[in-house]
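Participant: Supplied structure: structure_37.cif, mmCIF, C-alpha atoms.
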data_final
loop_
_atom_site.label_atom_id
_atom_site.label_comp_id
_atom_site.auth_asym_id
_atom_site.auth_seq_id
_atom_site.Cartn_x
_atom_site.Cartn_y
_atom_site.Cartn_z
CA MET V 1 -2.47 4.79 -28.18
CA THR V 2 -1.32 8.10 -26.70
CA ALA V 3 1.56 8.49 -24.26
CA LEU V 4 1.25 9.49 -20.61
CA LYS V 5 1.50 13.29 -20.88
CA ILE V 6 2.47 15.06 -17.66
CA ARG V 7 2.10 18.82 -17.35
CA ASP V 8 5.45 20.60 -17.32
CA ASP V 9 4.19 24.12 -16.63
CA ASP V 10 4.25 25.87 -13.26
CA CYS V 11 1.74 24.16 -10.94
CA GLU V 12 1.04 24.83 -7.27
CA LEU V 13 0.81 21.08 -6.58
CA ASP V 14 2.75 18.28 -8.18
CA PHE V 15 0.42 15.70 -6.66
CA LEU V 16 -2.99 15.66 -4.96
CA SER V 17 -4.56 12.68 -3.18
CA LEU V 18 -8.19 12.12 -2.24
CA GLY V 19 -8.79 9.65 0.58
CA ALA V 20 -9.45 9.03 4.26
CA LEU V 21 -6.90 9.55 7.00
CA VAL V 22 -6.65 6.90 9.72
CA HIS V 23 -4.58 6.31 12.82
CA ARG V 24 -2.99 2.88 13.07
CA LEU V 25 -2.32 1.35 16.45
CA ASP V 26 0.78 -0.85 16.45
CA PRO V 27 1.83 -3.09 19.36
CA GLY V 28 4.97 -4.16 17.49
CA VAL V 29 5.63 -7.89 17.56
CA ILE V 30 3.20 -8.41 20.46
CA PRO V 31 -0.30 -9.65 19.51
CA PHE V 32 -3.09 -7.29 20.57
CA ARG V 33 -4.50 -9.67 23.17
CA LYS V 34 -1.20 -9.42 25.08
CA ALA V 35 -0.32 -5.80 24.28
CA ARG V 36 0.38 -3.23 27.01
CA SER V 37 1.60 -0.35 24.86
CA LEU V 38 0.92 0.87 21.33
CA GLU V 39 2.59 3.16 18.80
CA VAL V 40 0.34 5.51 16.81
CA HIS V 41 0.97 5.89 13.07
CA VAL V 42 -0.99 8.31 10.88
CA SER V 43 -1.80 6.67 7.61
CA GLY V 44 -4.18 6.21 4.69
CA GLY V 45 -3.49 4.44 1.40
CA GLU V 46 -3.97 7.63 -0.59
CA TYR V 47 -2.34 9.97 1.92
CA ASN V 48 0.78 7.82 2.25
CA VAL V 49 1.74 8.44 -1.38
CA ALA V 50 1.41 12.22 -0.92
CA ALA V 51 3.41 12.12 2.32
CA ASN V 52 6.20 10.06 0.74
CA LEU V 53 6.42 12.35 -2.28
CA ALA V 54 6.66 15.43 -0.05
CA ASP V 55 8.92 14.15 2.74
CA CYS V 56 11.41 12.08 0.75
CA PHE V 57 11.21 13.45 -2.77
CA GLY V 58 10.57 17.12 -2.08
CA LYS V 59 7.45 17.41 -4.23
CA LYS V 60 4.56 19.80 -3.55
CA THR V 61 1.66 17.58 -2.53
CA GLY V 62 -1.81 17.81 -1.05
CA ILE V 63 -4.53 15.66 0.51
CA ALA V 64 -8.29 16.24 0.25
CA THR V 65 -9.84 14.46 3.20
CA ALA V 66 -12.14 14.55 6.22
CA MET V 67 -11.03 16.04 9.52
CA VAL V 68 -12.72 15.84 12.92
CA GLU V 69 -12.56 18.54 15.59
CA TYR V 70 -11.29 16.48 18.56
CA PRO V 71 -7.93 15.41 20.06
CA ILE V 72 -7.30 12.51 17.65
CA GLY V 73 -7.94 14.92 14.81
CA GLU V 74 -5.37 17.30 16.28
CA LEU V 75 -2.83 14.47 16.48
CA VAL V 76 -3.46 13.58 12.83
CA GLN V 77 -3.21 17.20 11.67
CA THR V 78 0.17 17.55 13.37
CA ARG V 79 1.56 14.51 11.59
CA VAL V 80 0.24 15.70 8.23
CA ARG V 81 1.94 19.08 8.73
CA GLU V 82 5.19 17.35 9.69
CA THR V 83 5.33 15.53 6.35
CA GLY V 84 4.85 18.78 4.43
CA VAL V 85 1.52 17.85 2.83
CA THR V 86 -0.97 20.66 2.16
CA ALA V 87 -4.36 19.71 3.61
CA PHE V 88 -7.79 20.46 2.15
CA TYR V 89 -10.14 19.46 4.97
CA LYS V 90 -13.89 18.93 5.12
CA TRP V 91 -14.53 19.52 8.81
CA PHE V 92 -16.76 17.46 11.10
CA ASP V 93 -17.66 18.11 14.74
CA HIS V 94 -17.29 15.24 17.22
CA ASP V 95 -20.28 14.76 19.55
CA GLY V 96 -18.04 13.73 22.46
CA VAL V 97 -19.37 10.18 22.52
CA ARG V 98 -19.94 8.42 19.21
CA GLY V 99 -18.29 10.47 16.51
CA PRO V 100 -17.79 11.12 13.71
CA ASN V 101 -14.32 9.61 14.14
CA ILE V 102 -10.96 9.31 12.50
CA ALA V 103 -10.94 5.57 11.77
CA THR V 104 -8.72 3.21 13.75
CA VAL V 105 -6.68 0.47 12.10
CA TYR V 106 -5.18 -2.22 14.34
CA SER V 107 -2.11 -3.96 12.94
CA ASP V 108 0.58 -5.93 14.71
CA ARG V 109 3.84 -6.70 12.92
CA GLY V 110 3.94 -10.47 13.41
CA HIS V 111 7.34 -12.11 13.42
CA GLY V 112 8.97 -15.03 11.63
CA VAL V 113 6.35 -17.70 10.92
CA ARG V 114 3.63 -15.57 12.61
CA ALA V 115 1.93 -13.34 10.07
CA PRO V 116 0.79 -9.76 10.81
CA VAL V 117 -2.89 -9.40 11.74
CA VAL V 118 -4.97 -6.41 10.59
CA PHE V 119 -8.48 -5.41 11.69
CA TYR V 120 -10.46 -2.18 11.80
CA ASN V 121 -12.83 0.09 13.66
CA ARG V 122 -14.32 2.32 10.97
CA ALA V 123 -17.64 2.89 12.76
CA GLU V 124 -18.97 6.43 12.28
CA GLU V 125 -15.92 7.27 10.19
CA ALA V 126 -15.80 10.86 9.00
CA GLY V 127 -14.11 9.84 5.76
CA ALA V 128 -17.08 7.65 4.82
CA LYS V 129 -19.35 10.69 5.11
CA LEU V 130 -17.53 12.65 2.40
CA GLN V 131 -19.60 13.24 -0.71
CA ALA V 132 -19.65 15.08 -4.02
CA GLY V 133 -19.66 18.84 -3.48
CA ASP V 134 -17.49 18.76 -0.35
CA PHE V 135 -14.38 20.20 -2.06
CA ASP V 136 -13.86 23.21 -4.29
CA TRP V 137 -12.24 21.27 -7.11
CA LYS V 138 -12.46 24.23 -9.49
CA GLY V 139 -10.50 26.40 -7.08
CA ILE V 140 -7.97 23.69 -6.23
CA PHE V 141 -7.21 22.73 -9.82
CA ALA V 142 -7.15 26.36 -10.99
CA ARG V 143 -3.83 26.66 -9.12
CA GLY V 144 -2.34 23.86 -11.19
CA VAL V 145 -2.12 20.16 -10.28
CA ARG V 146 0.05 17.72 -12.21
CA TRP V 147 -1.19 14.39 -10.81
CA PHE V 148 -4.41 13.33 -9.03
CA HIS V 149 -4.67 10.07 -7.08
CA SER V 150 -7.22 8.04 -5.17
CA GLY V 151 -7.76 4.38 -4.31
CA GLY V 152 -9.93 1.39 -3.62
CA ILE V 153 -9.80 1.71 0.16
CA PHE V 154 -11.52 5.10 0.00
CA ALA V 155 -13.94 3.86 -2.67
CA SER V 156 -15.08 1.03 -0.38
CA LEU V 157 -16.10 3.23 2.55
CA SER V 158 -19.53 4.29 1.27
CA ALA V 159 -21.60 4.95 -1.84
CA THR V 160 -20.81 8.65 -1.56
CA THR V 161 -17.01 8.24 -1.49
CA SER V 162 -16.96 6.55 -4.88
CA GLU V 163 -19.13 9.37 -6.27
CA LEU V 164 -16.67 11.89 -4.83
CA ILE V 165 -13.76 10.07 -6.48
CA LEU V 166 -15.49 10.34 -9.85
CA GLU V 167 -16.19 14.04 -9.27
CA GLY V 168 -12.53 14.66 -8.40
CA MET V 169 -11.32 12.69 -11.40
CA ALA V 170 -13.58 14.65 -13.75
CA ALA V 171 -12.13 17.92 -12.42
CA ALA V 172 -8.59 16.53 -12.69
CA ARG V 173 -9.03 15.43 -16.28
CA LYS V 174 -10.50 18.83 -17.18
CA ALA V 175 -7.38 20.40 -15.66
CA LYS V 176 -5.15 18.03 -17.67
CA ALA V 177 -3.76 16.28 -14.59
CA ILE V 178 -2.72 12.64 -14.76
CA VAL V 179 -5.32 10.52 -12.94
CA SER V 180 -4.22 7.42 -11.03
CA PHE V 181 -5.98 4.84 -8.88
CA ASP V 182 -4.58 2.17 -6.57
CA LEU V 183 -6.94 -0.81 -6.51
CA ASN V 184 -5.82 -1.72 -2.96
CA TYR V 185 -8.54 -4.38 -2.80
CA ARG V 186 -9.51 -5.11 0.81
CA ALA V 187 -12.02 -7.94 1.03
CA LYS V 188 -12.91 -7.10 4.66
CA LEU V 189 -13.95 -3.59 3.66
CA TRP V 190 -15.94 -4.55 0.57
CA ALA V 191 -17.68 -7.38 2.48
CA SER V 192 -19.37 -4.77 4.67
CA VAL V 193 -20.87 -2.88 1.69
CA GLY V 194 -21.93 -5.64 -0.71
CA GLY V 195 -18.99 -7.96 -1.26
CA ASP V 196 -16.90 -8.68 -4.36
CA ALA V 197 -19.74 -8.10 -6.85
CA LYS V 198 -20.36 -4.60 -5.52
CA GLY V 199 -16.65 -3.89 -5.36
CA GLN V 200 -16.14 -4.85 -9.00
CA GLN V 201 -19.10 -2.76 -10.12
CA VAL V 202 -17.79 0.33 -8.35
CA ILE V 203 -14.13 -0.11 -9.24
CA ARG V 204 -14.73 -0.85 -12.93
CA HIS V 205 -16.68 2.37 -13.25
CA ILE V 206 -13.91 4.36 -11.59
CA VAL V 207 -11.12 2.72 -13.62
CA ASP V 208 -12.86 3.82 -16.84
CA HIS V 209 -11.65 7.33 -15.92
CA VAL V 210 -7.99 6.73 -15.00
CA ASP V 211 -4.68 6.96 -16.83
CA ALA V 212 -2.51 5.02 -14.37
CA LEU V 213 -3.43 1.95 -12.33
CA PHE V 214 -1.63 0.34 -9.39
CA GLY V 215 -2.48 -3.17 -8.30
CA ASN V 216 -1.13 -6.69 -8.08
CA GLU V 217 -2.56 -9.86 -9.66
CA GLU V 218 -5.05 -10.35 -6.85
CA ASP V 219 -6.19 -6.71 -7.05
CA LEU V 220 -6.73 -6.96 -10.81
CA GLN V 221 -8.66 -10.21 -10.52
CA LYS V 222 -10.80 -9.38 -7.48
CA GLY V 223 -11.18 -5.66 -8.11
CA LEU V 224 -11.83 -5.76 -11.84
CA GLY V 225 -13.12 -9.32 -12.24
CA ILE V 226 -10.29 -10.13 -14.65
CA THR V 227 -9.75 -13.87 -15.13
CA GLY V 228 -6.09 -14.70 -14.62
CA PRO V 229 -3.89 -17.74 -15.08
CA LYS V 230 -4.15 -20.49 -12.54
CA VAL V 231 -1.64 -20.20 -9.72
CA ASP V 232 1.22 -22.67 -10.08
CA ALA V 233 2.68 -23.36 -6.66
CA THR V 234 5.94 -24.53 -8.23
CA LYS V 235 6.63 -21.14 -9.84
CA SER V 236 8.09 -18.10 -8.14
CA LYS V 237 5.70 -15.30 -7.25
CA LEU V 238 8.39 -13.00 -8.62
CA ASP V 239 7.80 -14.24 -12.17
CA PRO V 240 6.32 -11.18 -13.95
CA ARG V 241 4.88 -13.14 -16.86
CA ALA V 242 1.60 -13.93 -15.08
CA PHE V 243 1.12 -10.25 -14.26
CA PHE V 244 1.84 -9.09 -17.79
CA LYS V 245 -0.62 -11.67 -19.17
CA LEU V 246 -3.37 -9.89 -17.27
CA ILE V 247 -2.52 -6.49 -18.72
CA ASP V 248 -3.92 -7.17 -22.19
CA LYS V 249 -7.23 -8.13 -20.60
CA VAL V 250 -7.21 -5.04 -18.39
CA VAL V 251 -6.49 -2.69 -21.30
CA ALA V 252 -9.09 -4.38 -23.50
CA GLN V 253 -11.66 -3.74 -20.76
CA HIS V 254 -10.34 -0.23 -20.00
CA PRO V 255 -8.60 1.17 -23.13
CA ASN V 256 -8.04 4.53 -21.41
CA ILE V 257 -5.25 3.05 -19.25
CA ARG V 258 -1.69 4.07 -20.13
CA LEU V 259 0.18 2.67 -17.12
CA VAL V 260 -0.12 -0.37 -14.84
CA ALA V 261 2.43 -1.09 -12.11
CA THR V 262 2.83 -3.29 -9.07
CA THR V 263 5.28 -4.81 -6.63
CA LEU V 264 6.07 -8.52 -6.58
CA ARG V 265 6.76 -10.23 -3.26
CA GLU V 266 7.76 -13.73 -2.33
CA VAL V 267 7.17 -14.02 1.41
CA HIS V 268 9.48 -16.57 3.05
CA SER V 269 8.60 -15.36 6.52
CA THR V 270 7.11 -12.20 8.02
CA ASN V 271 10.58 -10.67 8.14
CA ARG V 272 12.20 -12.09 5.00
CA HIS V 273 10.79 -11.20 1.59
CA ASP V 274 12.14 -11.26 -1.94
CA TRP V 275 11.09 -8.03 -3.64
CA ALA V 276 10.71 -6.84 -7.22
CA ALA V 277 8.43 -4.58 -9.25
CA VAL V 278 7.02 -4.35 -12.76
CA LEU V 279 5.76 -1.55 -14.98
CA TRP V 280 3.64 -1.59 -18.13
CA LEU V 281 3.72 1.82 -19.81
CA ASP V 282 2.16 2.55 -23.20
CA GLY V 283 2.52 -1.07 -24.28
CA LYS V 284 6.13 -1.50 -23.12
CA ARG V 285 7.19 -3.80 -20.27
CA TYR V 286 9.79 -3.06 -17.61
CA VAL V 287 11.04 -5.28 -14.77
CA SER V 288 13.09 -4.17 -11.75
CA PRO V 289 15.96 -6.07 -10.15
CA THR V 290 15.14 -8.48 -7.31
CA CYS V 291 16.44 -8.05 -3.78
CA SER V 292 15.99 -9.78 -0.43
CA LEU V 293 14.41 -7.69 2.32
CA ASP V 294 14.77 -7.97 6.08
CA VAL V 295 11.38 -6.47 6.88
CA HIS V 296 10.80 -4.38 9.97
CA ASP V 297 7.24 -3.28 9.13
CA ARG V 298 5.67 -4.23 5.80
CA ILE V 299 2.72 -1.79 5.99
CA GLY V 300 3.04 0.94 3.36
CA GLY V 301 5.60 -0.72 1.11
CA GLY V 302 3.29 -0.60 -1.90
CA ASP V 303 2.54 3.08 -1.31
CA GLY V 304 6.28 3.67 -1.08
CA PHE V 305 6.72 2.00 -4.46
CA ALA V 306 3.97 4.13 -6.03
CA ALA V 307 5.53 7.33 -4.67
CA GLY V 308 8.98 6.55 -6.02
CA LEU V 309 7.64 5.59 -9.45
CA ILE V 310 5.46 8.70 -9.67
CA TYR V 311 8.40 10.87 -8.60
CA GLY V 312 10.51 9.42 -11.39
CA LEU V 313 7.82 10.11 -13.97
CA LEU V 314 7.17 13.65 -12.66
CA ALA V 315 10.91 14.31 -12.83
CA GLY V 316 11.04 13.16 -16.46
CA ARG V 317 13.18 10.10 -15.76
CA PRO V 318 13.16 7.22 -18.27
CA PRO V 319 10.63 4.50 -17.36
CA GLU V 320 13.40 2.08 -16.30
CA ASP V 321 14.77 4.65 -13.85
CA ALA V 322 11.32 5.56 -12.52
CA LEU V 323 10.60 1.88 -11.86
CA ARG V 324 13.90 1.43 -10.03
CA LEU V 325 13.20 4.47 -7.86
CA GLY V 326 9.82 3.03 -6.90
CA TRP V 327 11.31 -0.40 -6.23
CA ALA V 328 14.12 1.10 -4.13
CA HIS V 329 11.89 3.42 -2.09
CA GLY V 330 9.33 0.70 -1.39
CA ALA V 331 12.12 -1.57 -0.20
CA LEU V 332 13.58 1.08 2.10
CA LEU V 333 10.18 1.92 3.54
CA THR V 334 9.80 -1.64 4.90
CA THR V 335 12.90 -1.07 7.05
CA TYR V 336 11.20 1.68 9.12
CA PRO V 337 8.35 1.59 11.64
CA GLY V 338 5.14 3.19 10.48
CA ASP V 339 3.40 3.68 7.17
CA VAL V 340 5.25 6.61 5.61
CA THR V 341 8.82 7.21 4.61
CA MET V 342 11.86 8.05 6.69
CA ALA V 343 14.17 7.78 3.67
CA LYS V 344 16.15 10.56 2.03
CA LEU V 345 16.29 10.99 -1.73
CA HIS V 346 20.02 10.29 -1.94
CA GLU V 347 19.47 6.96 -0.14
CA VAL V 348 16.79 5.97 -2.63
CA GLU V 349 18.95 7.01 -5.57
CA ALA V 350 21.91 5.02 -4.22
CA PHE V 351 19.90 1.85 -3.67
CA ALA V 352 18.21 2.18 -7.07
CA LYS V 353 21.68 2.26 -8.64
CA GLY V 354 22.80 -0.86 -6.78
CA GLY V 355 23.83 0.45 -3.39
CA THR V 356 24.50 -1.85 -0.44
CA ALA V 357 23.84 -1.89 3.30
CA ARG V 358 27.50 -1.32 4.21
CA VAL V 359 28.14 1.22 6.96
CA GLN V 360 28.17 4.81 5.67
CA ARG V 361 31.16 6.59 7.25
#
Could you write out this file's structure as C-alpha cells?
Facilitator:
Amino acid sequence: MTALKIRDDDCELDFLSLGALVHRLDPGVIPFRKARSLEVHVSGGEYNVAANLADCFGKKTGIATAMVEYPIGELVQTRVRETGVTAFYKWFDHDGVRGPNIATVYSDRGHGVRAPVVFYNRAEEAGAKLQAGDFDWKGIFARGVRWFHSGGIFASLSATTSELILEGMAAARKAKAIVSFDLNYRAKLWASVGGDAKGQQVIRHIVDHVDALFGNEEDLQKGLGITGPKVDATKSKLDPRAFFKLIDKVVAQHPNIRLVATTLREVHSTNRHDWAAVLWLDGKRYVSPTCSLDVHDRIGGGDGFAAGLIYGLLAGRPPEDALRLGWAHGALLTTYPGDVTMAKLHEVEAFAKGGTARVQR
C-alpha cells in the first residue's frame, strides 16, 4: 500500500473542485409555508470545500462549474469572487423564461424538536447539462494542481455529469494531483435518475479512480452498497468502531483508496449536537475529540470538516492534527448562517488545540 503523496512543487492551484453551484433560500426558523422573507446563500457541495479553503485557510482554489448569463448568475458570481475562488465557467444563455437555471435549494433551519426541511428545484439546471469536453483540463492542470475534488451530488444530476467527473479525474491523476470524492448520498436526487441501484453503479465506477473518500456510514452503505453492522439503538452514534468496520470492506472493493474520513454526529435536537470525526489513512485509524455544539445552521458542516482536513494534509501536518483541524472547522461552521465559512484560521487552530467559547478581549 502506497502513502498519500501530495505534490510539494509550485502549483497555481492548491485545490480544484468540479461541481454545480446553487443558491439556497433560507427562511431561518420559519417554515416555508409561513415565510415572508428569505436569505440567499450561494452553495454547492463541491464548491463549499473550495470556498472554505480559500476564505479561511488562505489556499489557492478553483471551481469548474456551469454559469448562466442572467441576474441570479451575476449574484452567484459575486459571491464566488468574494470567497477568493478562481472560477472556470462553462457559460449558458438564459432564454428569459425557462432556463437554463442556477438550481434552487430550499432549506429552513428547524428549531429544537423540529427538524430542518430540505427540498429542491433543479429543473433545467445548467449544471446538469455539463458534459465531457466542456473544460480545458489539459490547460488547467498544466498550471499545477495539488488536489482535485468532486462529489455525489454533482454525479447524480445527469448521465453526462458523472462522465465529466471521470474525465476530470483522469486528467488530475495524469497531473499527479490527489483525487477525492465526497459521497454526499442524496436519496431524493438519485430517485429522480434511477434510484439506489443506479446511484451505486455510478458511484462505484467513480470511486475506482479516487485516492480519498469522504462519507459517513449511510453514504458508504447506500452509495457503495457496502453491507454494514446492524444499528444498535442503545449505542452512541459517536462510537467510531462501526465506521471503521466498514473500511476494510470499502478498501477490499476499491483498493486504490488511501484515505476515508467522516464526521460523527449525535443529534439531541436541531440545535444541540455532539460532534466528532474519524480518519482512516493508509491503514491507520485516528479519532478526534468530542464536543457539544449549539447549532445555528447545520448545512455545510461536513464540507467544513473536509476543508479543514484537506488543509492540514496540504500543509504537511501530522494526520492527528489534520483531523483536529477538520473537526474544529466543521464545528465552527455550524455556528454561522449559510453554507460556507466565516471562521479565521487562528480561531480554527485555537479550537483544535482545545480552545473555549470564553469572551476574547
Participant: Would you mind listing, for every residue of stretch 24-103 of chain V within 12 Å of stretch 339-350 of chain V, the two atoms forming the shortest contact and the distance between them in Å to one decimal, using all atoms listed in the file, sorted by chain and ascending residue number, as a tab-separated table?
Facilitator:
residue	atom	partner	partner_atom	distance
V:Arg24	CA	V:Asp339	CA	8.7
V:Leu25	CA	V:Asp339	CA	11.1
V:Asp26	CA	V:Asp339	CA	10.7
V:Glu39	CA	V:Asp339	CA	11.7
V:Val40	CA	V:Asp339	CA	10.3
V:His41	CA	V:Asp339	CA	6.8
V:Val42	CA	V:Asp339	CA	7.4
V:Ser43	CA	V:Asp339	CA	6.0
V:Gly44	CA	V:Asp339	CA	8.4
V:Gly45	CA	V:Asp339	CA	9.0
V:Glu46	CA	V:Val340	CA	11.2
V:Tyr47	CA	V:Val340	CA	9.1
V:Asn48	CA	V:Val340	CA	5.7
V:Val49	CA	V:Val340	CA	8.0
V:Ala50	CA	V:Val340	CA	9.4
V:Ala51	CA	V:Val340	CA	6.7
V:Asn52	CA	V:Thr341	CA	5.5
V:Leu53	CA	V:Thr341	CA	8.9
V:Ala54	CA	V:Thr341	CA	9.7
V:Asp55	CA	V:Thr341	CA	7.2
V:Cys56	CA	V:Lys344	CA	5.1
V:Phe57	CA	V:Leu345	CA	5.7
V:Gly58	CA	V:Leu345	CA	8.4
V:Lys59	CA	V:Leu345	CA	11.2
V:Arg79	CA	V:Val340	CA	10.6
V:Val80	CA	V:Val340	CA	10.7
V:Glu82	CA	V:Val340	CA	11.5
V:Thr83	CA	V:Val340	CA	9.0
Participant: Quick one: of V:Ala197, V:Ile165, V:Val287, V:Leu293, who's nearest to V:Glu266, counting all atoms listed in the file?
Facilitator: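 Answer, going by the shortest atom-to-atom distance: V:Leu293.
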Participant: List the residues matched by the PyMOL selection byres ((chain V and resi 271-275) around 9) in the displayed structure as a list in words, ordered by chain and then by residue number.
Facilitator: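 Selection result, ordered by chain and number: Gly110, His111, Gly112, Val113, Leu238, Thr263, Leu264, Arg265, Glu266, Val267, His268, Ser269, Thr270, Ala276, Ala277, Pro289, Thr290, Cys291, Ser292, Leu293, Asp294, Val295, His296, Asp297, Arg298, Trp327 and Ala331 of chain V.
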Participant: What is the atom CA of V:Leu166-atom CA of V:Ile247 distance in Å, reported with one decimal?
Facilitator: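 Atom-to-atom, atom CA of V:Leu166 to atom CA of V:Ile247, that is 23.0 Å.
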Participant: Under the PyMOL selection byres ((chain V and resi 244) around 9), which residues of this model are included? Write them out as a list in words.
Facilitator: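 Given this file, the PyMOL selection byres ((chain V and resi 244) around 9) evaluates to Pro240, Arg241, Ala242, Phe243, Lys245, Leu246, Ile247, Asp248, Val278, Leu279, Trp280 and Arg285 of chain V.
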Participant: Would you kindly place N, CA and C atoms on stretch 238-260 of chain V and return the model as a CSV table (one decimal), in the frame of the given file?
Facilitator:
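As written to disk, out-v7.csv reads:
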chain,number,residue,atom,x,y,z
V,238,LEU,N,7.7,-14.1,-8.0
V,238,LEU,CA,8.4,-13.0,-8.6
V,238,LEU,C,8.4,-13.1,-10.1
V,239,ASP,N,7.8,-14.1,-10.7
V,239,ASP,CA,7.8,-14.2,-12.2
V,239,ASP,C,6.8,-13.2,-12.7
V,240,PRO,N,7.2,-12.2,-13.5
V,240,PRO,CA,6.3,-11.2,-14.0
V,240,PRO,C,5.4,-11.6,-15.1
V,241,ARG,N,5.6,-12.8,-15.7
V,241,ARG,CA,4.9,-13.1,-16.9
V,241,ARG,C,3.4,-13.3,-16.6
V,242,ALA,N,3.0,-13.8,-15.4
V,242,ALA,CA,1.6,-13.9,-15.1
V,242,ALA,C,0.9,-12.6,-15.0
V,243,PHE,N,1.7,-11.6,-14.4
V,243,PHE,CA,1.1,-10.2,-14.3
V,243,PHE,C,0.9,-9.6,-15.6
V,244,PHE,N,1.9,-9.7,-16.5
V,244,PHE,CA,1.8,-9.1,-17.8
V,244,PHE,C,0.7,-9.7,-18.6
V,245,LYS,N,0.5,-11.0,-18.4
V,245,LYS,CA,-0.6,-11.7,-19.2
V,245,LYS,C,-2.0,-11.0,-18.9
V,246,LEU,N,-2.1,-10.5,-17.6
V,246,LEU,CA,-3.4,-9.9,-17.3
V,246,LEU,C,-3.6,-8.5,-17.9
V,247,ILE,N,-2.4,-7.9,-18.3
V,247,ILE,CA,-2.5,-6.5,-18.7
V,247,ILE,C,-3.3,-6.3,-20.0
V,248,ASP,N,-3.1,-7.3,-21.0
V,248,ASP,CA,-3.9,-7.2,-22.2
V,248,ASP,C,-5.4,-7.2,-21.9
V,249,LYS,N,-5.8,-8.1,-21.0
V,249,LYS,CA,-7.2,-8.1,-20.6
V,249,LYS,C,-7.7,-6.8,-19.9
V,250,VAL,N,-6.9,-6.3,-19.1
V,250,VAL,CA,-7.2,-5.0,-18.4
V,250,VAL,C,-7.4,-3.9,-19.4
V,251,VAL,N,-6.4,-3.8,-20.3
V,251,VAL,CA,-6.5,-2.7,-21.3
V,251,VAL,C,-7.6,-2.9,-22.3
V,252,ALA,N,-7.9,-4.1,-22.6
V,252,ALA,CA,-9.1,-4.4,-23.5
V,252,ALA,C,-10.4,-3.9,-22.8
V,253,GLN,N,-10.5,-4.1,-21.5
V,253,GLN,CA,-11.7,-3.7,-20.8
V,253,GLN,C,-11.7,-2.2,-20.5
V,254,HIS,N,-10.5,-1.7,-20.3
V,254,HIS,CA,-10.3,-0.2,-20.0
V,254,HIS,C,-9.3,0.4,-20.9
V,255,PRO,N,-9.6,0.7,-22.2
V,255,PRO,CA,-8.6,1.2,-23.1
V,255,PRO,C,-8.0,2.5,-22.8
V,256,ASN,N,-8.6,3.2,-21.8
V,256,ASN,CA,-8.0,4.5,-21.4
V,256,ASN,C,-6.7,4.4,-20.6
V,257,ILE,N,-6.4,3.2,-20.1
V,257,ILE,CA,-5.2,3.0,-19.2
V,257,ILE,C,-3.9,3.1,-20.0
V,258,ARG,N,-3.0,3.9,-19.5
V,258,ARG,CA,-1.7,4.1,-20.1
V,258,ARG,C,-0.6,3.4,-19.3
V,259,LEU,N,-0.9,3.2,-18.0
V,259,LEU,CA,0.2,2.7,-17.1
V,259,LEU,C,-0.4,1.7,-16.1
V,260,VAL,N,0.2,0.6,-15.9
V,260,VAL,CA,-0.1,-0.4,-14.8
V,260,VAL,C,1.2,-0.8,-14.2
